[in-house]
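Source file work_29.cif; content: mmCIF, C-alpha atoms (C1' of nucleotides) and all ligand atoms.
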data_data
loop_
_atom_site.label_atom_id
_atom_site.label_comp_id
_atom_site.auth_asym_id
_atom_site.auth_seq_id
_atom_site.Cartn_x
_atom_site.Cartn_y
_atom_site.Cartn_z
CA MET P 499 0.00 0.00 0.00
CA LEU P 500 2.50 2.60 -1.13
CA LYS P 501 1.62 6.16 -1.94
CA ASN P 502 2.37 8.11 -5.07
CA ALA P 503 5.37 9.90 -3.55
CA GLU P 504 6.88 6.56 -2.63
CA PHE P 505 6.54 5.31 -6.19
CA VAL P 506 8.29 8.44 -7.40
CA ASP P 507 11.21 7.67 -5.10
CA LYS P 508 11.24 4.02 -6.06
CA LEU P 509 11.40 4.84 -9.75
CA ARG P 510 13.99 7.59 -9.30
CA SER P 511 16.21 5.36 -7.22
CA SER P 512 16.35 2.84 -10.01
CA GLY P 513 17.03 5.39 -12.69
CA LEU P 514 13.54 5.45 -14.18
CA ARG P 515 11.83 8.74 -14.72
CA PRO P 516 8.57 8.88 -12.82
CA THR P 517 6.30 9.61 -15.75
CA LYS P 518 2.57 9.62 -15.24
CA GLN P 519 2.16 6.37 -17.16
CA ARG P 520 4.74 4.61 -15.02
CA LEU P 521 3.17 5.93 -11.86
CA LYS P 522 -0.25 4.76 -12.93
CA ILE P 523 1.12 1.31 -13.67
CA CYS P 524 2.86 1.26 -10.29
CA GLU P 525 -0.40 2.09 -8.65
CA VAL P 526 -2.28 -0.69 -10.46
CA LEU P 527 0.45 -3.24 -9.79
CA PHE P 528 1.78 -2.41 -6.36
CA ASN P 529 -0.91 -0.53 -4.50
CA ARG P 530 -2.54 -3.68 -3.12
CA GLU P 531 -2.54 -5.98 -0.18
CA LYS P 532 -1.68 -9.11 -2.09
CA THR P 533 0.65 -9.92 -4.91
CA PHE P 534 -0.85 -11.32 -8.10
CA HIS P 535 -0.16 -12.69 -11.54
CA PHE P 536 -1.11 -10.99 -14.77
CA THR P 537 -0.57 -10.95 -18.49
CA ILE P 538 0.22 -7.79 -20.42
CA ASN P 539 -3.24 -7.90 -21.86
CA ASP P 540 -4.86 -8.23 -18.44
CA LEU P 541 -2.91 -5.22 -17.32
CA ALA P 542 -3.74 -3.12 -20.35
CA LYS P 543 -7.45 -3.89 -19.98
CA ASN P 544 -7.33 -3.30 -16.26
CA ILE P 545 -5.78 0.13 -16.82
CA SER P 546 -8.16 1.23 -19.54
CA ASN P 547 -11.10 0.17 -17.35
CA GLN P 548 -10.22 2.06 -14.19
CA LEU P 549 -8.85 5.01 -16.13
CA ASN P 550 -10.30 7.65 -18.40
CA GLU P 551 -7.03 8.19 -20.24
CA LYS P 552 -5.46 5.19 -21.97
CA ILE P 553 -1.86 4.06 -21.93
CA SER P 554 -0.49 2.85 -25.22
CA LEU P 555 0.07 -0.90 -25.42
CA ALA P 556 3.70 -0.29 -26.40
CA THR P 557 4.18 1.68 -23.21
CA VAL P 558 2.65 -1.10 -21.16
CA TYR P 559 5.12 -3.53 -22.71
CA ASN P 560 8.02 -1.14 -22.21
CA THR P 561 7.11 -0.41 -18.63
CA VAL P 562 6.51 -4.02 -17.63
CA HIS P 563 9.85 -5.01 -19.10
CA ALA P 564 11.58 -2.09 -17.43
CA PHE P 565 10.05 -3.08 -14.11
CA LYS P 566 11.12 -6.64 -14.67
CA ASP P 567 14.67 -5.58 -15.49
CA LYS P 568 14.76 -3.53 -12.30
CA GLY P 569 13.53 -6.52 -10.34
CA TYR P 570 10.05 -5.25 -9.48
CA LEU P 571 8.38 -8.02 -11.43
CA LYS P 572 9.12 -11.59 -12.34
CA GLU P 573 8.24 -13.24 -15.62
CA ILE P 574 6.81 -16.73 -15.53
CA SER P 575 6.59 -19.02 -18.53
CA ILE P 576 3.87 -21.62 -18.45
CA ASN P 577 3.25 -22.07 -22.13
CA SER P 578 4.49 -20.35 -25.22
CA ASP P 579 1.26 -18.52 -25.89
CA LYS P 580 1.90 -15.58 -23.63
CA SER P 581 3.95 -14.42 -20.69
CA TYR P 582 2.69 -14.21 -17.16
CA PHE P 583 4.12 -11.65 -14.80
CA ASP P 584 4.22 -11.82 -11.04
CA THR P 585 4.29 -9.01 -8.51
CA ASN P 586 5.57 -11.54 -5.99
CA ILE P 587 9.30 -11.28 -6.58
CA THR P 588 10.31 -13.60 -3.76
CA ASN P 589 11.55 -17.06 -4.61
CA HIS P 590 8.45 -19.21 -4.77
CA HIS P 591 6.78 -22.01 -6.65
CA HIS P 592 3.53 -22.30 -8.55
CA PHE P 593 0.53 -24.43 -9.20
CA PHE P 594 -0.88 -24.05 -12.69
CA ASP P 595 -4.44 -25.15 -13.34
CA GLU P 596 -4.55 -26.38 -16.90
CA ASP P 597 -8.34 -26.30 -17.00
CA THR P 598 -8.68 -22.64 -16.13
CA ASN P 599 -5.17 -21.36 -16.99
CA GLN P 600 -4.88 -20.04 -13.47
CA LEU P 601 -1.57 -19.57 -11.76
CA ILE P 602 -1.46 -19.94 -7.97
CA ASP P 603 1.41 -19.25 -5.59
CA CYS P 604 2.76 -22.04 -3.43
CA ASN P 605 3.33 -21.16 0.17
CA ASN P 606 6.79 -22.16 1.20
CA GLU P 607 5.20 -24.65 3.56
CA ASP P 608 3.52 -26.45 0.67
CA ILE P 609 6.72 -27.72 -0.89
CA GLU P 610 9.81 -28.98 0.79
CA GLU P 611 12.87 -26.99 -0.12
CA VAL P 612 14.33 -28.17 -3.40
CA ARG P 613 17.91 -29.25 -2.94
CA VAL P 614 20.15 -29.18 -5.96
CA LYS P 615 22.80 -31.74 -5.20
CA LYS P 616 24.91 -31.11 -8.22
CA ASN P 617 25.08 -28.17 -10.58
CA ILE P 618 26.04 -29.77 -13.88
CA THR P 619 26.99 -26.42 -15.34
CA GLU P 620 29.87 -24.13 -14.47
CA LYS P 621 27.55 -21.21 -14.13
CA LYS P 622 25.80 -19.55 -11.28
CA ILE P 623 22.32 -20.68 -10.32
CA LYS P 624 19.97 -17.78 -10.76
CA SER P 625 16.72 -19.46 -9.75
CA VAL P 626 15.26 -22.82 -8.82
CA GLU P 627 11.55 -22.98 -9.36
CA VAL P 628 8.97 -25.71 -9.28
CA LEU P 629 5.90 -25.75 -11.47
CA ILE P 630 3.10 -28.11 -10.51
CA LYS P 631 0.54 -28.62 -13.22
CA VAL P 632 -2.89 -29.72 -12.09
CA ALA P 633 -6.05 -30.63 -13.99
CA SER P 634 -9.26 -32.56 -13.62
CA ASP P 635 -8.56 -36.25 -13.62
CA ASN P 636 -10.00 -36.87 -17.08
CA GLN P 637 -7.73 -34.25 -18.59
CA ASN P 638 -4.71 -35.31 -20.64
CA GLN P 639 -1.32 -34.28 -19.36
CA ASN P 640 0.76 -31.37 -20.58
CA MET J 82 17.73 -47.09 -32.35
CA LEU J 83 14.44 -48.33 -33.77
CA LYS J 84 14.00 -49.40 -37.35
CA ASN J 85 11.44 -48.21 -39.83
CA ALA J 86 9.13 -51.20 -39.36
CA GLU J 87 9.06 -50.53 -35.65
CA PHE J 88 8.02 -46.95 -36.20
CA VAL J 89 5.24 -48.19 -38.43
CA ASP J 90 3.96 -50.37 -35.62
CA LYS J 91 4.36 -47.65 -33.07
CA LEU J 92 2.35 -45.22 -35.15
CA ARG J 93 -0.31 -47.77 -36.05
CA SER J 94 -0.73 -48.84 -32.46
CA SER J 95 -1.51 -45.27 -31.47
CA GLY J 96 -3.93 -44.72 -34.29
CA LEU J 97 -1.67 -42.61 -36.47
CA ARG J 98 -1.22 -43.52 -40.11
CA PRO J 99 2.40 -44.22 -40.87
CA THR J 100 2.82 -41.69 -43.62
CA LYS J 101 6.26 -41.06 -45.04
CA GLN J 102 6.47 -37.65 -43.39
CA ARG J 103 5.68 -39.09 -39.98
CA LEU J 104 8.16 -41.89 -40.47
CA LYS J 105 10.88 -39.45 -41.45
CA ILE J 106 10.18 -37.36 -38.39
CA CYS J 107 10.25 -40.50 -36.21
CA GLU J 108 13.62 -41.32 -37.65
CA VAL J 109 15.03 -37.87 -36.98
CA LEU J 110 13.61 -37.78 -33.46
CA PHE J 111 13.84 -41.30 -32.15
CA ASN J 112 16.57 -43.06 -34.10
CA ARG J 113 19.33 -41.99 -31.74
CA GLU J 114 21.22 -43.05 -28.69
CA LYS J 115 20.36 -40.06 -26.58
CA THR J 116 17.26 -38.01 -26.04
CA PHE J 117 17.40 -34.34 -26.88
CA HIS J 118 15.57 -31.03 -26.88
CA PHE J 119 14.49 -29.15 -29.96
CA THR J 120 12.30 -26.37 -31.24
CA ILE J 121 9.97 -26.81 -34.19
CA ASN J 122 12.31 -24.66 -36.21
CA ASP J 123 15.34 -26.74 -35.30
CA LEU J 124 13.49 -29.81 -36.39
CA ALA J 125 12.29 -28.35 -39.66
CA LYS J 126 15.81 -27.18 -40.53
CA ASN J 127 17.28 -30.48 -39.46
CA ILE J 128 14.91 -32.33 -41.74
CA SER J 129 15.42 -30.15 -44.77
CA ASN J 130 19.18 -30.49 -44.33
CA GLN J 131 19.44 -34.25 -44.21
CA LEU J 132 16.68 -34.71 -46.76
CA ASN J 133 16.24 -33.97 -50.44
CA GLU J 134 12.46 -33.70 -50.13
CA LYS J 135 11.04 -31.14 -47.73
CA ILE J 136 8.27 -31.52 -45.21
CA SER J 137 5.87 -28.64 -44.94
CA LEU J 138 6.17 -26.59 -41.78
CA ALA J 139 2.47 -27.13 -41.08
CA THR J 140 3.06 -30.87 -41.17
CA VAL J 141 5.97 -30.56 -38.78
CA TYR J 142 3.73 -28.67 -36.37
CA ASN J 143 0.91 -31.19 -36.81
CA THR J 144 3.18 -34.15 -36.35
CA VAL J 145 4.99 -32.81 -33.32
CA HIS J 146 1.70 -31.99 -31.65
CA ALA J 147 0.29 -35.40 -32.56
CA PHE J 148 3.37 -37.06 -31.08
CA LYS J 149 3.04 -34.94 -28.00
CA ASP J 150 -0.62 -35.86 -27.61
CA LYS J 151 0.29 -39.53 -27.93
CA GLY J 152 2.94 -39.11 -25.28
CA TYR J 153 6.01 -39.52 -27.49
CA LEU J 154 7.20 -36.01 -26.78
CA LYS J 155 7.00 -33.51 -23.95
CA GLU J 156 6.64 -29.78 -24.35
CA ILE J 157 8.74 -27.52 -22.15
CA SER J 158 8.15 -23.83 -21.63
CA ILE J 159 11.20 -21.78 -20.77
CA ASN J 160 10.20 -18.47 -22.20
CA SER J 161 7.25 -17.34 -24.18
CA ASP J 162 9.18 -16.88 -27.38
CA LYS J 163 8.96 -20.45 -28.53
CA SER J 164 8.27 -23.96 -27.35
CA TYR J 165 10.92 -26.53 -26.66
CA PHE J 166 10.15 -30.20 -27.13
CA ASP J 167 11.83 -33.10 -25.42
CA THR J 168 12.27 -36.67 -26.62
CA ASN J 169 12.93 -37.61 -23.01
CA ILE J 170 9.41 -38.29 -21.80
CA THR J 171 10.37 -39.50 -18.35
CA ASN J 172 9.74 -37.28 -15.38
CA HIS J 173 12.82 -35.10 -15.09
CA HIS J 174 14.06 -31.62 -14.36
CA HIS J 175 16.07 -29.10 -16.33
CA PHE J 176 18.88 -26.65 -16.21
CA PHE J 177 18.45 -23.73 -18.58
CA ASP J 178 21.50 -21.71 -19.55
CA GLU J 179 20.29 -18.17 -20.08
CA ASP J 180 23.47 -17.17 -21.87
CA THR J 181 23.24 -19.78 -24.58
CA ASN J 182 19.53 -20.69 -24.38
CA GLN J 183 20.53 -24.29 -23.88
CA LEU J 184 18.35 -26.77 -22.07
CA ILE J 185 20.06 -29.59 -20.17
CA ASP J 186 18.49 -32.59 -18.49
CA CYS J 187 18.98 -33.12 -14.79
CA ASN J 188 19.87 -36.57 -13.76
CA ASN J 189 17.60 -37.74 -11.00
CA GLU J 190 20.64 -37.84 -8.74
CA ASP J 191 21.23 -34.13 -9.26
CA ILE J 192 18.08 -33.02 -7.46
CA GLU J 193 16.48 -34.44 -4.40
CA GLU J 194 12.94 -35.57 -5.02
CA VAL J 195 10.52 -32.69 -4.76
CA ARG J 196 7.91 -33.34 -2.14
CA VAL J 197 4.63 -31.53 -2.43
CA LYS J 198 3.36 -31.40 1.09
CA LYS J 199 0.05 -29.85 0.31
CA ASN J 200 -1.91 -29.63 -2.92
CA ILE J 201 -3.78 -26.35 -2.56
CA THR J 202 -6.10 -27.26 -5.39
CA GLU J 203 -8.77 -29.95 -5.55
CA LYS J 204 -7.36 -31.26 -8.79
CA LYS J 205 -5.02 -34.01 -9.74
CA ILE J 206 -1.32 -33.27 -10.00
CA LYS J 207 -0.21 -33.94 -13.56
CA SER J 208 3.44 -33.00 -13.25
CA VAL J 209 5.96 -31.53 -10.85
CA GLU J 210 8.97 -30.09 -12.57
CA VAL J 211 11.91 -28.02 -11.51
CA LEU J 212 13.59 -25.49 -13.72
CA ILE J 213 17.01 -24.25 -12.68
CA LYS J 214 18.12 -21.15 -14.51
CA VAL J 215 21.84 -20.56 -14.71
CA ALA J 216 23.92 -17.75 -16.17
CA SER J 217 27.33 -16.15 -15.92
CA ASP J 218 27.63 -14.28 -12.69
CA ASN J 219 27.49 -10.83 -14.28
CA GLN J 220 24.20 -11.68 -16.01
CA ASN J 221 20.92 -10.24 -14.73
CA GLN J 222 18.32 -12.67 -13.53
CA ASN J 223 15.27 -13.92 -15.41
"C1'" DA V 1362 10.02 30.70 -15.53
"C1'" DG V 1363 12.19 29.43 -20.00
"C1'" DT V 1364 15.29 26.51 -22.73
"C1'" DC V 1365 17.47 22.38 -23.66
"C1'" DT V 1366 18.19 17.59 -23.97
"C1'" DA V 1367 17.85 12.97 -23.01
"C1'" DC V 1368 14.55 9.88 -22.08
"C1'" DA V 1369 9.56 8.30 -22.83
"C1'" DT V 1370 5.33 7.72 -25.13
"C1'" DT V 1371 2.64 6.79 -28.98
"C1'" DA V 1372 0.52 5.05 -33.25
"C1'" DT V 1373 1.60 2.18 -36.42
"C1'" DA V 1374 4.26 -1.10 -39.00
"C1'" DA V 1375 7.10 -5.17 -38.74
"C1'" DT V 1376 8.28 -9.55 -37.01
"C1'" DT V 1377 7.71 -14.14 -35.43
"C1'" DA V 1378 5.58 -18.24 -33.72
"C1'" DT V 1379 1.72 -20.68 -34.36
"C1'" DT V 1380 -2.80 -22.04 -36.22
"C1'" DC V 1381 -6.29 -22.15 -39.85
"C1'" DT V 1382 -8.10 -23.18 -44.47
"C1'" DA V 1383 -9.26 -25.54 -48.27
"C1'" DA V 1384 -7.55 -28.01 -52.04
"C1'" DA V 1385 -4.70 -31.93 -53.45
"C1'" DC V 1386 -2.93 -36.34 -52.05
"C1'" DT V 1387 -2.39 -41.01 -49.97
"C1'" DG V 1388 -2.88 -45.04 -46.69
"C1'" DT V 1389 -6.13 -48.42 -45.70
"C1'" DT V 1390 -10.07 -51.15 -46.13
"C1'" DG V 1391 -13.20 -53.87 -48.66
"C1'" DC D 997 -8.67 -51.24 -57.73
"C1'" DA D 998 -12.27 -48.00 -55.85
"C1'" DA D 999 -13.68 -45.22 -52.18
"C1'" DC D 1000 -13.12 -42.70 -48.17
"C1'" DA D 1001 -11.09 -40.81 -44.24
"C1'" DG D 1002 -7.14 -39.01 -42.69
"C1'" DT D 1003 -3.01 -36.26 -44.11
"C1'" DT D 1004 -0.18 -32.97 -46.33
"C1'" DT D 1005 0.50 -28.66 -48.21
"C1'" DA D 1006 0.97 -23.66 -49.52
"C1'" DG D 1007 -0.50 -19.88 -48.22
"C1'" DA D 1008 -3.48 -16.86 -45.45
"C1'" DA D 1009 -4.81 -15.59 -40.86
"C1'" DT D 1010 -3.96 -14.71 -36.02
"C1'" DA D 1011 -1.81 -13.12 -31.96
"C1'" DA D 1012 1.98 -11.84 -29.05
"C1'" DT D 1013 5.66 -9.08 -29.11
"C1'" DT D 1014 9.13 -5.79 -30.86
"C1'" DA D 1015 10.79 -2.04 -33.88
"C1'" DT D 1016 10.33 2.59 -35.81
"C1'" DA D 1017 10.25 7.20 -35.95
"C1'" DA D 1018 7.69 11.19 -34.85
"C1'" DT D 1019 6.03 13.73 -30.90
"C1'" DG D 1020 5.94 14.80 -25.99
"C1'" DT D 1021 7.86 15.69 -21.41
"C1'" DA D 1022 10.75 15.35 -16.92
"C1'" DG D 1023 14.51 17.31 -14.99
"C1'" DA D 1024 18.58 20.17 -15.22
"C1'" DC D 1025 20.53 24.41 -15.99
"C1'" DT D 1026 20.29 28.65 -16.58
MN MN H 1401 1.13 -25.03 -27.64
MN MN H 1402 10.11 -12.02 -23.32
ZN ZN H 1403 3.71 -16.23 -8.10
ZN ZN H 1404 14.66 -32.87 -20.92
#
Output the file's structure as structure tokens, nothing else.
Amino acid sequence: MLKNAEFVDKLRSSGLRPTKQRLKICEVLFNREKTFHFTINDLAKNISNQLNEKISLATVYNTVHAFKDKGYLKEISINSDKSYFDTNITNHHHFFDEDTNQLIDCNNEDIEEVRVKKNITEKKIKSVEVLIKVASDNQNQN
Amino acid sequence: MLKNAEFVDKLRSSGLRPTKQRLKICEVLFNREKTFHFTINDLAKNISNQLNEKISLATVYNTVHAFKDKGYLKEISINSDKSYFDTNITNHHHFFDEDTNQLIDCNNEDIEEVRVKKNITEKKIKSVEVLIKVASDNQNQN
DNA sequence: AGTCTACATTATAATTATTCTAAACTGTTG
DNA sequence: CAACAGTTTAGAATAATTATAATGTAGACT
């Protein structure tokens, strides 16, 4: 539940100019109790609903990617149709309901910590995330 | 290392007509020692290289999806740009190298079994998969 | 407060992965 | 071999995303 002035600071501190479009998007994304998942299209619709003025779709894309690059959002890939974004930037896992295309956060208590015993690569591990796909029993997998 | 006649049986037994395109794709995908990951585009290029005749891109899409539906392939979503497919249909996890966009199988010994303590949904769990993203240290996450 | 400049926004076009369409073709069955 | 259903195909259509290039504006410096 941040206020406008706080968003201005947040943006400034990460080198992003606090334009009115970015502030509006901050408000829609971060001025809430709970984190949530969204697609670009969700967000664009959401904005044009609760707003008289519209924000260009290109700007929504630019802003979401800028926020992601700054670490304010995470991108989550479930299928190749579209990207999901997450305002919960902590390390966490997901359930994905294949019937409804709904993405649900796992509480850390729901899954035992994943232990990587051996990193086969030479490189640094950036994230370890579990995706649990669920569906009605009569559904075919994947 | 299956032979043509075996592919014919395999296709027949799953209700797919063993057309020459499907058999060629079987050969490219399954006539190997090791499983591997590919994109539709990889596969299409691969085919047109080692083949005088071409297979239409639409047919490659159709066939790959048919094989996936029959359980001969798995689809893996790393990013929303394109789909990766996997000839390794066993339950397994992946490393993804963000620098090179390479997908690497985890051996089951590399990760401790993931235990889902609580299924928050009412539905049946279809899959539980871990994706470990790696990159050079100076790379930015996600 | 006015000017300047780099950064942002916008409408629109371009790109890319994927799916659709409808006509031509072919594997199978009788 | 004839007939039919399933398959392939080229090309068009769709949809998500990115690029372009003209216009606008936040912030700095007078
Ligand atoms: Mn798909
Ligand atoms: Mn992306
Ligand atoms: Zn989440
Ligand atoms: Zn794999």
Least-squares Cα fit of chain P to chain J, output as an mmCIF file with C-alpha atoms, keeping the file's coordinate frame:
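As a result, selection_35.cif now contains:
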data_model
loop_
_atom_site.group_PDB
_atom_site.id
_atom_site.type_symbol
_atom_site.label_atom_id
_atom_site.label_comp_id
_atom_site.auth_asym_id
_atom_site.auth_seq_id
_atom_site.Cartn_x
_atom_site.Cartn_y
_atom_site.Cartn_z
ATOM 1 C CA MET P 499 17.621 -47.199 -32.222
ATOM 2 C CA LEU P 500 14.335 -48.393 -33.660
ATOM 3 C CA LYS P 501 13.864 -49.481 -37.223
ATOM 4 C CA ASN P 502 11.332 -48.273 -39.732
ATOM 5 C CA ALA P 503 9.013 -51.252 -39.218
ATOM 6 C CA GLU P 504 8.940 -50.538 -35.507
ATOM 7 C CA PHE P 505 7.922 -46.940 -36.116
ATOM 8 C CA VAL P 506 5.116 -48.165 -38.340
ATOM 9 C CA ASP P 507 3.838 -50.331 -35.497
ATOM 10 C CA LYS P 508 4.259 -47.567 -32.960
ATOM 11 C CA LEU P 509 2.253 -45.138 -35.055
ATOM 12 C CA ARG P 510 -0.431 -47.690 -35.926
ATOM 13 C CA SER P 511 -0.856 -48.693 -32.315
ATOM 14 C CA SER P 512 -1.631 -45.132 -31.382
ATOM 15 C CA GLY P 513 -4.044 -44.592 -34.217
ATOM 16 C CA LEU P 514 -1.737 -42.528 -36.413
ATOM 17 C CA ARG P 515 -1.309 -43.463 -40.016
ATOM 18 C CA PRO P 516 2.316 -44.188 -40.787
ATOM 19 C CA THR P 517 2.761 -41.673 -43.569
ATOM 20 C CA LYS P 518 6.191 -41.102 -45.013
ATOM 21 C CA GLN P 519 6.458 -37.683 -43.383
ATOM 22 C CA ARG P 520 5.638 -39.086 -39.964
ATOM 23 C CA LEU P 521 8.098 -41.904 -40.417
ATOM 24 C CA LYS P 522 10.831 -39.513 -41.427
ATOM 25 C CA ILE P 523 10.153 -37.386 -38.370
ATOM 26 C CA CYS P 524 10.202 -40.494 -36.180
ATOM 27 C CA GLU P 525 13.543 -41.393 -37.609
ATOM 28 C CA VAL P 526 15.008 -37.934 -36.957
ATOM 29 C CA LEU P 527 13.584 -37.777 -33.443
ATOM 30 C CA PHE P 528 13.795 -41.301 -32.116
ATOM 31 C CA ASN P 529 16.492 -43.103 -34.042
ATOM 32 C CA ARG P 530 19.277 -42.032 -31.679
ATOM 33 C CA GLU P 531 21.164 -43.094 -28.638
ATOM 34 C CA LYS P 532 20.317 -40.083 -26.540
ATOM 35 C CA THR P 533 17.236 -38.016 -26.020
ATOM 36 C CA PHE P 534 17.417 -34.323 -26.869
ATOM 37 C CA HIS P 535 15.598 -31.025 -26.878
ATOM 38 C CA PHE P 536 14.540 -29.153 -29.977
ATOM 39 C CA THR P 537 12.383 -26.371 -31.294
ATOM 40 C CA ILE P 538 10.067 -26.790 -34.260
ATOM 41 C CA ASN P 539 12.412 -24.679 -36.286
ATOM 42 C CA ASP P 540 15.430 -26.781 -35.337
ATOM 43 C CA LEU P 541 13.537 -29.839 -36.424
ATOM 44 C CA ALA P 542 12.370 -28.377 -39.707
ATOM 45 C CA LYS P 543 15.908 -27.271 -40.576
ATOM 46 C CA ASN P 544 17.347 -30.574 -39.472
ATOM 47 C CA ILE P 545 14.934 -32.427 -41.758
ATOM 48 C CA SER P 546 15.480 -30.253 -44.799
ATOM 49 C CA ASN P 547 19.251 -30.631 -44.352
ATOM 50 C CA GLN P 548 19.470 -34.407 -44.180
ATOM 51 C CA LEU P 549 16.703 -34.855 -46.727
ATOM 52 C CA ASN P 550 16.282 -34.130 -50.404
ATOM 53 C CA GLU P 551 12.512 -33.830 -50.148
ATOM 54 C CA LYS P 552 11.106 -31.219 -47.767
ATOM 55 C CA ILE P 553 8.307 -31.575 -45.262
ATOM 56 C CA SER P 554 5.934 -28.663 -45.038
ATOM 57 C CA LEU P 555 6.268 -26.586 -41.877
ATOM 58 C CA ALA P 556 2.562 -27.100 -41.165
ATOM 59 C CA THR P 557 3.118 -30.838 -41.222
ATOM 60 C CA VAL P 558 6.031 -30.528 -38.836
ATOM 61 C CA TYR P 559 3.796 -28.611 -36.441
ATOM 62 C CA ASN P 560 0.956 -31.086 -36.867
ATOM 63 C CA THR P 561 3.182 -34.085 -36.386
ATOM 64 C CA VAL P 562 5.022 -32.730 -33.358
ATOM 65 C CA HIS P 563 1.728 -31.899 -31.696
ATOM 66 C CA ALA P 564 0.294 -35.285 -32.583
ATOM 67 C CA PHE P 565 3.350 -36.967 -31.108
ATOM 68 C CA LYS P 566 3.038 -34.844 -28.021
ATOM 69 C CA ASP P 567 -0.636 -35.711 -27.639
ATOM 70 C CA LYS P 568 0.236 -39.391 -27.931
ATOM 71 C CA GLY P 569 2.901 -38.973 -25.283
ATOM 72 C CA TYR P 570 5.970 -39.439 -27.479
ATOM 73 C CA LEU P 571 7.190 -35.930 -26.800
ATOM 74 C CA LYS P 572 7.005 -33.437 -23.994
ATOM 75 C CA GLU P 573 6.674 -29.698 -24.407
ATOM 76 C CA ILE P 574 8.785 -27.471 -22.212
ATOM 77 C CA SER P 575 8.168 -23.776 -21.707
ATOM 78 C CA ILE P 576 11.167 -21.692 -20.796
ATOM 79 C CA ASN P 577 10.142 -18.366 -22.216
ATOM 80 C CA SER P 578 7.263 -17.192 -24.309
ATOM 81 C CA ASP P 579 9.290 -16.820 -27.468
ATOM 82 C CA LYS P 580 9.054 -20.398 -28.610
ATOM 83 C CA SER P 581 8.345 -23.905 -27.430
ATOM 84 C CA TYR P 582 10.974 -26.485 -26.708
ATOM 85 C CA PHE P 583 10.197 -30.141 -27.157
ATOM 86 C CA ASP P 584 11.855 -33.052 -25.438
ATOM 87 C CA THR P 585 12.262 -36.622 -26.617
ATOM 88 C CA ASN P 586 12.915 -37.561 -23.000
ATOM 89 C CA ILE P 587 9.384 -38.218 -21.805
ATOM 90 C CA THR P 588 10.354 -39.439 -18.352
ATOM 91 C CA ASN P 589 9.741 -37.185 -15.390
ATOM 92 C CA HIS P 590 12.848 -35.060 -15.104
ATOM 93 C CA HIS P 591 14.106 -31.589 -14.372
ATOM 94 C CA HIS P 592 16.106 -29.070 -16.351
ATOM 95 C CA PHE P 593 18.901 -26.593 -16.237
ATOM 96 C CA PHE P 594 18.439 -23.667 -18.591
ATOM 97 C CA ASP P 595 21.466 -21.611 -19.547
ATOM 98 C CA GLU P 596 20.245 -18.084 -20.070
ATOM 99 C CA ASP P 597 23.434 -17.053 -21.845
ATOM 100 C CA THR P 598 23.235 -19.669 -24.563
ATOM 101 C CA ASN P 599 19.524 -20.615 -24.391
ATOM 102 C CA GLN P 600 20.550 -24.207 -23.877
ATOM 103 C CA LEU P 601 18.370 -26.690 -22.093
ATOM 104 C CA ILE P 602 20.081 -29.518 -20.198
ATOM 105 C CA ASP P 603 18.529 -32.537 -18.510
ATOM 106 C CA CYS P 604 19.022 -33.066 -14.802
ATOM 107 C CA ASN P 605 19.950 -36.553 -13.781
ATOM 108 C CA ASN P 606 17.688 -37.727 -11.035
ATOM 109 C CA GLU P 607 20.723 -37.807 -8.781
ATOM 110 C CA ASP P 608 21.291 -34.085 -9.266
ATOM 111 C CA ILE P 609 18.145 -32.990 -7.480
ATOM 112 C CA GLU P 610 16.558 -34.439 -4.423
ATOM 113 C CA GLU P 611 13.039 -35.619 -5.037
ATOM 114 C CA VAL P 612 10.586 -32.755 -4.793
ATOM 115 C CA ARG P 613 7.982 -33.465 -2.165
ATOM 116 C CA VAL P 614 4.675 -31.700 -2.469
ATOM 117 C CA LYS P 615 3.363 -31.589 1.055
ATOM 118 C CA LYS P 616 0.033 -30.098 0.245
ATOM 119 C CA ASN P 617 -1.892 -29.893 -2.994
ATOM 120 C CA ILE P 618 -3.824 -26.650 -2.644
ATOM 121 C CA THR P 619 -6.109 -27.589 -5.499
ATOM 122 C CA GLU P 620 -8.740 -30.296 -5.703
ATOM 123 C CA LYS P 621 -7.300 -31.564 -8.919
ATOM 124 C CA LYS P 622 -4.909 -34.276 -9.850
ATOM 125 C CA ILE P 623 -1.214 -33.499 -10.088
ATOM 126 C CA LYS P 624 -0.097 -34.131 -13.621
ATOM 127 C CA SER P 625 3.556 -33.151 -13.297
ATOM 128 C CA VAL P 626 6.041 -31.653 -10.876
ATOM 129 C CA GLU P 627 9.020 -30.162 -12.604
ATOM 130 C CA VAL P 628 11.930 -28.043 -11.528
ATOM 131 C CA LEU P 629 13.583 -25.479 -13.745
ATOM 132 C CA ILE P 630 16.990 -24.204 -12.701
ATOM 133 C CA LYS P 631 18.084 -21.103 -14.531
ATOM 134 C CA VAL P 632 21.805 -20.491 -14.701
ATOM 135 C CA ALA P 633 23.877 -17.654 -16.145
ATOM 136 C CA SER P 634 27.265 -16.040 -15.866
ATOM 137 C CA ASP P 635 27.556 -14.191 -12.610
ATOM 138 C CA ASN P 636 27.375 -10.730 -14.165
ATOM 139 C CA GLN P 637 24.110 -11.574 -15.876
ATOM 140 C CA ASN P 638 20.846 -10.160 -14.537
ATOM 141 C CA GLN P 639 18.267 -12.633 -13.342
ATOM 142 C CA ASN P 640 15.227 -13.816 -15.250
#
### Task
Using only C-alpha atoms (C1' of nucleotides), pick whichever of P:Ser511, P:Asn502, P:Asn539, P:Thr533 has the shortest atom-to-atom distance to chain D.
P:Asn539
### Exercise: segment 1002-1008 of chain D partners within 12 Å, only C-alpha atoms (C1' of nucleotides), chain neighbours under 6 positions left out, as JSON, numbers by chain
{"J": [96, 97, 98, 99, 100, 101, 102, 103, 135, 136, 137, 138, 139, 140, 141, 142, 143, 144], "V": [1380, 1381, 1382, 1383, 1384, 1385, 1386, 1387, 1388, 1389]}
3 Å per side around segment 582-601 of chain P: axis-aligned box centre and edge lengths, as lines of an AutoDock Vina configuration file:
center_x = 1.4
center_y = -17.7
center_z = -10.5
size_x = 26.2
size_y = 23.4
size_z = 19.4
